[in-house]
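First up is the structure itself, then whatever we jot down about it.
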Amino acid sequence: KIGSVPPNLISALITMEDKEFYEHSGFSFKATARAILIDIFTLSYKQGASTITQQLSRSMYDKIIWSDRSILRKIKELITSFNVEQTYTKSEILELYLNSVFLGHGRYGVQSASQLYFNKDVSELELDECAMLIGILPAPNYYSPFSSIDKANKRKSLVLKVLYKNEIIDLYDYTLYSD
């Protein structure tokens with residue numbers, strides 16, 4: 001349940017994945033425009049633009065579709081996102097996302113990942129553990145502490161830095177939990 005998820009985990013998720021989560025209706029024109037510009041200028045496809053709702057919607061489709069980057073798939077994902085936003089509250093969307101997101105080593109959801117990585121219930125996670133879980137989201141097996149503790153700690157430090165710069169945590173917590 002969303003009530004057992006530490007506020008720091010939710011804050012880290014929103015800050016790192018979708019700062020405008022509470023303002024949009026499933027799609028962020030601003031994030032999409034920014035991602036397109038960065039991808040054009042860097043001649044790459046590195047910048048993601050999906051909102052939390054879009055990521056949740058994508059996870060509702062068969063895994064075979066995940067690698068499909070076609071316009072048709074994106075349109076289906078967008079329509080699903082709008083439907084999700086009309087059907088569920090923001091709190092319910094967060095709960096669905098946090099219970100279904102892939103976090104490496106065959107684990108889906110923050111409770112399962114918390115048990116795997118920290119051997120504790122998600123409700124017992126400390127700030128640095130929340131930051132590590134959110135830090136591994138972009139590439140769970142790559143940033144997993146089991147794959148590389150150095151990479152996992154760098155991502156954790158990045159999340160803590162972003163939380164501090166966005167005034168989500170104070171200097172004391174930032175220095176206490178940063179490596």
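Letters A, B, ... mark the chains of the structure tokens in the order given; residue numbers begin at 1 per chain; ligand numbers begin at 1, in order shown.
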Fill in: Non-local contacts of A:Ala131 (9 Å; only C-alpha atoms; under 5 positions in same chain excluded) as a list in words
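Once the adjacent positions are removed, what remains is Asn8, Leu9, Ala12, Leu13, Glu126, Ile136, Arg155, Lys156, Ser157, Leu158, Val159 and Leu160 of chain A.
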Worksheet entry | Contact residues around stretch 75-77 of chain A with only C-alpha atoms at 8 Å, ignoring same-chain residues under 5 positions, as a ChimeraX atom specification | /A:54,57-58
Worksheet item: When you draw a straight line from atom CA of A:Gln115 to atom CA of A:Tyr97, how long is it in Å?
Response: 17.5 Å
So which residues touch A:Ser112 within 12 Å, counting only C-alpha atoms, skipping near sequence neighbours fewer than 5 positions away, as an mmCIF file with N, CA, C and O atoms, in the first residue's frame?
data_model
loop_
_atom_site.group_PDB
_atom_site.id
_atom_site.type_symbol
_atom_site.label_atom_id
_atom_site.label_comp_id
_atom_site.auth_asym_id
_atom_site.auth_seq_id
_atom_site.Cartn_x
_atom_site.Cartn_y
_atom_site.Cartn_z
ATOM 1 N N LEU A 98 4.737 1.705 -8.237
ATOM 2 C CA LEU A 98 5.699 1.197 -7.255
ATOM 3 C C LEU A 98 5.567 -0.307 -7.023
ATOM 4 O O LEU A 98 6.528 -0.951 -6.616
ATOM 5 N N ASN A 99 4.389 -0.853 -7.300
ATOM 6 C CA ASN A 99 4.194 -2.296 -7.150
ATOM 7 C C ASN A 99 4.534 -3.084 -8.406
ATOM 8 O O ASN A 99 4.570 -4.319 -8.366
ATOM 9 N N SER A 100 4.778 -2.390 -9.521
ATOM 10 C CA SER A 100 5.008 -3.111 -10.771
ATOM 11 C C SER A 100 6.340 -2.794 -11.451
ATOM 12 O O SER A 100 6.741 -3.501 -12.373
ATOM 13 N N VAL A 101 7.041 -1.781 -10.993
ATOM 14 C CA VAL A 101 8.278 -1.364 -11.652
ATOM 15 C C VAL A 101 9.364 -2.427 -11.489
ATOM 16 O O VAL A 101 9.514 -3.037 -10.433
ATOM 17 N N PHE A 102 10.111 -2.659 -12.582
ATOM 18 C CA PHE A 102 11.195 -3.642 -12.561
ATOM 19 C C PHE A 102 12.403 -3.021 -11.870
ATOM 20 O O PHE A 102 12.847 -1.926 -12.210
ATOM 21 N N LEU A 103 12.958 -3.739 -10.894
ATOM 22 C CA LEU A 103 14.090 -3.230 -10.128
ATOM 23 C C LEU A 103 15.272 -4.207 -10.103
ATOM 24 O O LEU A 103 16.093 -4.185 -9.201
ATOM 25 N N GLY A 104 15.352 -5.034 -11.113
ATOM 26 C CA GLY A 104 16.516 -5.897 -11.273
ATOM 27 C C GLY A 104 16.359 -7.279 -10.670
ATOM 28 O O GLY A 104 15.567 -7.501 -9.768
ATOM 29 N N HIS A 105 17.132 -8.195 -11.228
ATOM 30 C CA HIS A 105 17.235 -9.566 -10.724
ATOM 31 C C HIS A 105 15.871 -10.241 -10.573
ATOM 32 O O HIS A 105 15.619 -10.943 -9.587
ATOM 33 N N GLY A 106 14.992 -9.989 -11.538
ATOM 34 C CA GLY A 106 13.676 -10.618 -11.541
ATOM 35 C C GLY A 106 12.697 -10.029 -10.546
ATOM 36 O O GLY A 106 11.628 -10.596 -10.335
ATOM 37 N N ARG A 107 13.039 -8.918 -9.941
ATOM 38 C CA ARG A 107 12.171 -8.315 -8.916
ATOM 39 C C ARG A 107 11.338 -7.178 -9.491
ATOM 40 O O ARG A 107 11.844 -6.279 -10.148
ATOM 41 N N TYR A 117 17.461 -6.357 -1.795
ATOM 42 C CA TYR A 117 18.657 -5.540 -1.630
ATOM 43 C C TYR A 117 19.005 -5.211 -0.176
ATOM 44 O O TYR A 117 20.170 -5.070 0.170
ATOM 45 N N PHE A 118 17.971 -5.058 0.669
ATOM 46 C CA PHE A 118 18.222 -4.589 2.036
ATOM 47 C C PHE A 118 17.708 -5.525 3.125
ATOM 48 O O PHE A 118 17.870 -5.249 4.307
ATOM 49 N N ASN A 119 17.026 -6.603 2.715
ATOM 50 C CA ASN A 119 16.488 -7.574 3.655
ATOM 51 C C ASN A 119 15.573 -6.926 4.699
ATOM 52 O O ASN A 119 15.663 -7.218 5.890
ATOM 53 N N LYS A 120 14.734 -6.013 4.209
ATOM 54 C CA LYS A 120 13.776 -5.361 5.108
ATOM 55 C C LYS A 120 12.533 -4.937 4.351
ATOM 56 O O LYS A 120 12.524 -4.860 3.132
ATOM 57 N N ASP A 121 11.497 -4.663 5.105
ATOM 58 C CA ASP A 121 10.244 -4.185 4.553
ATOM 59 C C ASP A 121 10.455 -2.788 3.978
ATOM 60 O O ASP A 121 11.233 -1.998 4.517
ATOM 61 N N VAL A 122 9.745 -2.469 2.905
ATOM 62 C CA VAL A 122 9.889 -1.157 2.271
ATOM 63 C C VAL A 122 9.625 -0.019 3.256
ATOM 64 O O VAL A 122 10.260 1.038 3.188
ATOM 65 N N SER A 123 8.733 -0.235 4.204
ATOM 66 C CA SER A 123 8.394 0.815 5.180
ATOM 67 C C SER A 123 9.563 1.160 6.098
ATOM 68 O O SER A 123 9.574 2.207 6.730
ATOM 69 N N LEU A 133 17.384 2.648 -4.452
ATOM 70 C CA LEU A 133 16.328 2.002 -5.250
ATOM 71 C C LEU A 133 15.940 2.863 -6.442
ATOM 72 O O LEU A 133 15.819 2.359 -7.562
#
Worksheet entry | Neighbour list for stretch 85-95 of chain A as a list of chain:residue names, cut-off 10 Å, only C-alpha atoms, skip fewer than 5 positions in-chain | A:Lys1, A:Ile2, A:Gly3, A:Val5, A:Ile10, A:Leu13, A:Ile14, A:Phe21, A:Tyr22, A:His24, A:Ser25, A:Gly26, A:Phe27, A:Ile52, A:Thr53, A:Gln54, A:Leu56, A:Ile79, A:Thr80, A:Ser100, A:Gly109, A:Val110
Worksheet item: So how far away is atom CA of A:Tyr174 from atom CA of A:Lys154, in Å?
Response: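 One can read the atom CA of A:Lys154 to atom CA of A:Tyr174 distance as 13.8 Å.
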Worksheet item: Taking the backbone alone, and naming residues the way the document does, which bits of chain A are helix (DSSP H, G or I) by DSSP, as JSON, numbers by chain?
Response: {"A": [2, 3, 4, 7, 8, 9, 10, 11, 12, 13, 14, 15, 16, 17, 29, 30, 31, 32, 33, 34, 35, 36, 37, 38, 39, 40, 41, 42, 52, 53, 54, 55, 56, 57, 58, 59, 63, 64, 65, 66, 71, 72, 73, 74, 75, 76, 77, 78, 79, 80, 81, 82, 83, 84, 85, 86, 87, 90, 91, 92, 93, 94, 95, 96, 97, 98, 99, 100, 110, 111, 112, 113, 114, 115, 116, 117, 118, 122, 123, 124, 127, 128, 129, 130, 131, 132, 133, 134, 135, 140, 141, 142, 143, 149, 150, 151, 152, 153, 154, 155, 156, 157, 158, 159, 160, 161, 162, 163, 164, 165, 171, 172, 173, 174, 175, 176, 177]}
Discussion item. I want to know what sits within 9 Å of A:Asn153, based on only C-alpha atoms, with residues of the same chain fewer than 2 positions away left out; could you give that as a list in words?
Written reply: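 Close residues of A:Asn153: Met132, Gly135, Tyr143, Pro145, Ser148, Ile149, Asp150, Lys151, Arg155, Lys156, Ser157, Leu158, Ser178 and Asp179 of chain A.
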Discussion item. Could you tell me how far atom CA of A:Asp128 sits from atom CA of A:Ser144, in Å to one decimal place?
Written reply: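 Value for the atom CA of A:Ser144-atom CA of A:Asp128 distance: 14.2 Å.
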